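A.B. asks: Got a structure for you, written out below as structure tokens; questions coming shortly.
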2 protein chains.
Amino acid sequence: MSILSKDLVAASATPLVLSILKQGDSYGYAIIQQVRELSDGEMEWADGMLYPILHRLEKQKLIQSYWGKAENGRKRKYYRLRVAGTNELSRLRENWQRVHAMLKKIEGVQPCST
Amino acid sequence: MSILSKDLVAASATPLVLSILKQGDSYGYAIIQQVRELSDGEMEWADGMLYPILHRLEKQKLIQSYWGKAENGRKRKYYRLRVAGTNELSRLRENWQRVHAMLKKIEGVQPCST
DNA sequence: TGACATGCATAGAATTTATATGTATAATCC
DNA sequence: GGATTATACATATAAATTCTATGCATGTCA
């Protein structure tokens, strides 16, 4: 999984998926590509890793799936972010920010105001 | 484990331990307290979680242990950051920063220059 | 026709992790 | 003195998670 540790990938996976869906409905294959692009190729998700996450998020009612069609007629399973998912994303971002602040604090660097 | 997800705790554990040791030698019990303080009580490590991490880091030659004594004469196992550990910490911080940048990018917020 | 990209899904092996438990000593409180 | 709490390290094992391989199916392109 590239140079990024398993733990780091695991910790960021859910916020990433929810963030991507916040920008608009998407589907598994496209999400994997978006993550690759977003990371400049440093994060390569296996599909066998993403689908269980999507299913889990759907079961948690954070996202909602529906079948759609690609331009060529092939079917795709799209996911839409639900309100609960938006809220959860905020929580996850806060938590990430907290840990980030911890690491910065002990690194001895001036914390960034954003 | 407080409000922070397991994954987030796992992803930050190694950089935190190495960062703490970078500020000076320390030992298990104290590290747990330092993490609690650093997080304002939001991250509570169980000792049964930390010791295996310390042992792993020692086996990886990133840190080195030695027995010392507390003021009252009780023995303590201290850990010192080795050069390889300093290098690894840099790598981990870079990787963390990369993922942080990804999350910020997709959040649509101006990245902070620090 | 064969190869490759797109696209979804899951079983089960393999790994990881949490928790309970064990040991021991010092300090504190009643 | 006796009980309790804080300090301090350690690990076995039950429980949970996760990775990987595999399967299926269709469209495109050479």
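Residue names in the structure tokens use chain letters A, B, ... in the order shown, residue numbers from 1 in each chain, and ligand numbers from 1 in the order shown.
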With the cut-off set at 8 Å and counting only C-alpha atoms (C1' of nucleotides), tabulate each residue of chain A with an atom at most that distance from an atom of chain D, showing the nearest atom pair and its distance in Å to one decimal, ordered by chain and increasing number, as a tab-separated table.
C.D. replies:
residue	atom	partner	partner_atom	distance
A:Met49	CA	D:DC19	C1'	7.7
A:Asn72	CA	D:DG27	C1'	7.9
A:Arg74	CA	D:DT26	C1'	7.2
A.B. asks: Considering only C-alpha atoms (C1' of nucleotides), give me a table of residues in chain B that are at most 12 Å from chain C, with the closest atom pair and distance in Å for each, as CSV.
C.D. replies:
residue,atom,partner,partner_atom,distance
B:Met1,CA,C:DA18,C1',10.5
B:Lys6,CA,C:DT17,C1',9.7
B:Asp7,CA,C:DT17,C1',11.0
B:Val9,CA,C:DT17,C1',11.9
B:Ala10,CA,C:DT17,C1',9.8
B:Trp45,CA,C:DA18,C1',11.2
B:Ala46,CA,C:DA18,C1',9.2
B:Asp47,CA,C:DT19,C1',10.7
B:Gly48,CA,C:DT19,C1',8.1
B:Met49,CA,C:DA18,C1',7.8
B:Leu50,CA,C:DT17,C1',11.5
B:Pro52,CA,C:DT17,C1',10.5
B:Ile53,CA,C:DT17,C1',11.4
B:Ala70,CA,C:DA26,C1',10.9
B:Glu71,CA,C:DA26,C1',11.2
B:Asn72,CA,C:DA26,C1',8.0
B:Gly73,CA,C:DA26,C1',9.3
B:Arg74,CA,C:DT25,C1',7.2
B:Lys75,CA,C:DT25,C1',9.4
B:Arg76,CA,C:DT25,C1',11.6
A.B. asks: Distance limit 7 Å, atoms considered: only C-alpha atoms. Which chain A residues sit that close to chain B? Return them as an MDAnalysis selection string.
C.D. replies: chainID A and resid 4 7:8 10:11 16 19 38:39 95 102:103 106:107 112 114
A.B. asks: Please compute the atom CA of Arg56 of chain A-atom CA of Gly41 of chain A distance, one decimal, in Å.
C.D. replies: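 Value for the atom CA of Arg56 of chain A-atom CA of Gly41 of chain A distance: 25.4 Å.
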A.B. asks: Which residues in chain B does DSSP call strand (DSSP E or B)? List them as a PyMOL selection string.
C.D. replies: chain B and resi 26-27+63-69+75-81
A.B. asks: As a list in words, list the residues of segment 20-69 of chain A assigned to alpha helix (DSSP H) by DSSP on the backbone atoms of this structure.
C.D. replies: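 Matching residues, listed in order: Ile20, Leu21, Lys22, Gly28, Tyr29, Ala30, Ile31, Ile32, Gln33, Gln34, Val35, Arg36, Glu37, Leu38, Asp47, Gly48, Met49, Leu50, Tyr51, Pro52, Ile53, Leu54, His55, Arg56, Leu57, Glu58 and Lys59 of chain A.
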